[in-house]
Amino acid sequence: MNFLLRNTLNYPISLKIMPNYAVGDIQGCFDELEEGLELINFNSKKDFLWVTGDLINRGPDSLRVLKYIFSIKKAVHIVLGNHDLHLLNCFFNKKKLKKEDTFKSIFDDKNVLQMMHFLLQQDFVFSKKIFSDNGILKVGMVHAGIPKMMSLKQAETLSKLNCLKLKKNPKKNLMSIFNKKNANSSLHSFNGSINFFTRARIVDENGFPNFIYKGNRKNISPNFVPWFNKKNQITKDLDFLVFGHWAALQGKTNLSSFQALDTGCCWGKELTFLRLEDQKRFIIESKQK
Ligand SMILES: [Mn+2]
């Protein structure tokens, strides 16, 4: 892809566009990640990989995924997902893993502390301007969703404040996120915003999330809608937003401004990559049963 710019002297300058690829929830599926990176010919020296969160858990190779992403950290943008927070909570608060958790090997690795602090550096909401053949595009990323009343600036500010708070005292603040008493906190609070950014799927008429429902769009009860179907502030500030978390959507929102990328790789479906410059999708079939 070539992008033509004219400088002040009016000489055409041809810039090679650095592709940005977003990948949906990897969840420890290293083989599929590797196959996808080969398919898109990913070059960590010049391309960017946007990771929609839930890097680990449920799939077989959480340690390999985390190590690989860490090894190319200068070329990745990450937002944290609920599984990433669960991993951090298990580590910092010495919680027992659930029987379906598959990330014990991370805790047995000699570089575990370095990897935990790497995850603690990551955002909940991220955005960047990219160059495409159609001009500059502003693209955002979140793991699950963004409350309807939040502008990009508000969401990114809250994300930054949340990250600072988490880094300052991971033990106490992770405990607070996972405390069920805080489940219904205001969407502008630390707990309420993190819950929405990392776990939202459907919302009621006021835009308040129900965290229990994980199914497809057909079976949503009448008083609820997918969070992205509410009139959102965020669409005014972005060309489009990429997100993961909701595998039952099978990658579809029917809205070009919201690109769903979790296609259930760890559940035997697919791992989806999206080239942000032209919204072309690259699909890898899951090797999981
Ligand atoms: Mn998730």
# chains A, B, ... in the order shown; residues from 1 in each chain; ligands from 1
>>> residues_near_ligand(ligand="ligand 1", cutoff="8 Å", atoms="only C-alpha atoms and all ligand atoms", output="number ranges by chain")
A: 25, 53-54, 81-83, 143-144, 198-199, 244-246
>>> residues_around(residues="region 121-135 of chain A", least_positions_apart="6", cutoff="8 Å", atoms="only C-alpha atoms", output="CSV table (one decimal) with C-alpha atoms, in the first residue's frame")
chain,number,residue,atom,x,y,z
A,1,MET,CA,0.0,0.0,0.0
A,2,ASN,CA,1.3,3.4,-0.9
A,3,PHE,CA,0.1,6.7,0.3
A,17,ILE,CA,2.0,2.6,4.9
A,20,ASN,CA,-1.9,-2.2,11.5
A,77,HIS,CA,-1.0,-2.3,21.3
A,78,ILE,CA,-3.0,-4.1,24.0
A,79,VAL,CA,-6.2,-3.5,25.9
A,80,LEU,CA,-6.9,-5.7,29.0
A,81,GLY,CA,-9.7,-8.2,29.1
A,141,MET,CA,-10.0,-0.5,20.7
A,142,VAL,CA,-11.6,-1.9,23.9
A,143,HIS,CA,-12.0,-5.5,25.1
A,155,ALA,CA,-13.1,6.9,28.1
A,156,GLU,CA,-9.4,7.2,27.5
A,159,SER,CA,-8.7,4.2,31.3
A,160,LYS,CA,-5.5,6.0,32.2
A,163,CYS,CA,-4.4,1.9,35.0
A,167,LYS,CA,-0.3,-0.1,39.0
A,194,ILE,CA,-13.5,-1.4,34.3
A,197,PHE,CA,-14.7,-2.0,29.4
A,198,THR,CA,-13.8,-5.6,30.1
A,277,GLU,CA,-6.3,0.3,6.8
A,278,ASP,CA,-8.9,-1.4,4.6
>>> closest_residue(among="A:Ser151, A:Asn179, A:Asn111, A:Asn206", to="Thr235 (chain A)", atoms="only C-alpha atoms")
A:Ser151
>>> residues_around(residues="Lys171 (chain A)", least_positions_apart="5", cutoff="10 Å", atoms="only C-alpha atoms", output="PDB file with C-alpha atoms, in the first residue's frame")
ATOM      1  CA  LEU A  88      -3.469 -10.638  37.541  1.00  0.00           C
ATOM      2  CA  ASN A  89      -5.873 -11.114  40.452  1.00  0.00           C
ATOM      3  CA  CYS A  90      -4.831 -14.766  40.895  1.00  0.00           C
ATOM      4  CA  PHE A  91      -1.197 -13.672  40.897  1.00  0.00           C
ATOM      5  CA  PHE A  92      -1.275 -10.601  43.121  1.00  0.00           C
ATOM      6  CA  ASN A  93      -3.907 -11.920  45.540  1.00  0.00           C
ATOM      7  CA  LYS A  94      -2.712 -15.538  45.480  1.00  0.00           C
ATOM      8  CA  LEU A 166      -4.066  -0.560  39.349  1.00  0.00           C
ATOM      9  CA  SER A 176     -11.930  -4.377  44.587  1.00  0.00           C
TER      10      SER A 176
END
>>> closest_residue(among="A:Asn229, A:Thr272, A:Asn169, A:Asn41", to="Ser257 (chain A)", atoms="only C-alpha atoms")
A:Asn229
>>> select_by_dssp(residues="region 52-246 of chain A", states="strand (DSSP E or B)", output="MDAnalysis selection string")
chainID A and resid 76:79 123 125:132 135:142 202:203 209:210 225:226 240:243
>>> atom_distance(atom1="CA of Lys138 (chain A)", atom2="CA of Asp237 (chain A)")
7.8 Å
>>> select_by_dssp(residues="region 130-182 of chain A", states="alpha helix (DSSP H)", output="ChimeraX atom specification")
/A:152-168,170-177
>>> atom_distance(atom1="CA of Phe42 (chain A)", atom2="CA of Ala75 (chain A)")
10.2 Å
>>> residues_around(residues="Cys265 (chain A)", least_positions_apart="6", cutoff="10 Å", atoms="only C-alpha atoms", output="list in words")
Gly24, Asp25, Ile26, Gln27, Gly28, Cys29, Glu32, Leu33, Arg58, Gly59, Ala247, Leu271, Thr272, Ile284, Glu285, Ser286, Lys287, Gln288 and Lys289 of chain A
>>> atom_distance(atom1="CA of Cys266 (chain A)", atom2="CA of Lys110 (chain A)")
25.8 Å
>>> decode(residues="region 14-64 of chain A", atoms="C-alpha atoms", output="CSV table (one decimal), in the first residue's frame")
chain,number,residue,atom,x,y,z
A,14,SER,CA,5.4,8.2,-1.5
A,15,LEU,CA,5.2,6.8,2.0
A,16,LYS,CA,5.0,3.1,2.6
A,17,ILE,CA,2.0,2.6,4.9
A,18,MET,CA,2.8,0.5,8.0
A,19,PRO,CA,0.0,-1.9,8.3
A,20,ASN,CA,-1.9,-2.2,11.5
A,21,TYR,CA,-3.6,-5.5,12.2
A,22,ALA,CA,-6.0,-6.2,15.0
A,23,VAL,CA,-6.5,-9.7,16.4
A,24,GLY,CA,-9.4,-10.9,18.5
A,25,ASP,CA,-9.3,-12.9,21.7
A,26,ILE,CA,-6.3,-15.2,21.4
A,27,GLN,CA,-6.9,-16.9,24.8
A,28,GLY,CA,-3.8,-19.1,24.7
A,29,CYS,CA,-4.2,-20.3,21.1
A,30,PHE,CA,-0.5,-19.8,20.1
A,31,ASP,CA,-0.6,-22.1,17.0
A,32,GLU,CA,-3.4,-20.1,15.4
A,33,LEU,CA,-1.8,-16.8,16.3
A,34,GLU,CA,1.5,-18.0,14.7
A,35,GLU,CA,-0.4,-19.2,11.6
A,36,GLY,CA,-2.2,-15.9,11.3
A,37,LEU,CA,0.9,-13.8,11.6
A,38,GLU,CA,2.4,-15.9,8.8
A,39,LEU,CA,-0.6,-15.4,6.7
A,40,ILE,CA,-0.6,-11.6,7.0
A,41,ASN,CA,3.2,-11.6,6.7
A,42,PHE,CA,3.5,-9.7,10.0
A,43,ASN,CA,6.8,-7.9,10.4
A,44,SER,CA,7.2,-6.7,14.0
A,45,LYS,CA,9.9,-4.2,12.8
A,46,LYS,CA,7.4,-2.2,10.8
A,47,ASP,CA,3.8,-3.4,11.4
A,48,PHE,CA,1.6,-3.0,14.5
A,49,LEU,CA,-0.5,-5.7,16.1
A,50,TRP,CA,-3.5,-4.6,18.1
A,51,VAL,CA,-4.6,-7.2,20.6
A,52,THR,CA,-8.2,-6.9,21.8
A,53,GLY,CA,-7.5,-8.5,25.2
A,54,ASP,CA,-8.0,-11.9,26.8
A,55,LEU,CA,-4.5,-13.0,25.6
A,56,ILE,CA,-4.6,-16.0,27.9
A,57,ASN,CA,-6.8,-18.7,29.5
A,58,ARG,CA,-9.0,-21.5,28.2
A,59,GLY,CA,-6.7,-22.3,25.3
A,60,PRO,CA,-3.6,-24.6,25.6
A,61,ASP,CA,-0.6,-22.2,25.3
A,62,SER,CA,-1.1,-19.1,27.5
A,63,LEU,CA,2.5,-18.9,28.5
A,64,ARG,CA,3.7,-19.0,24.8
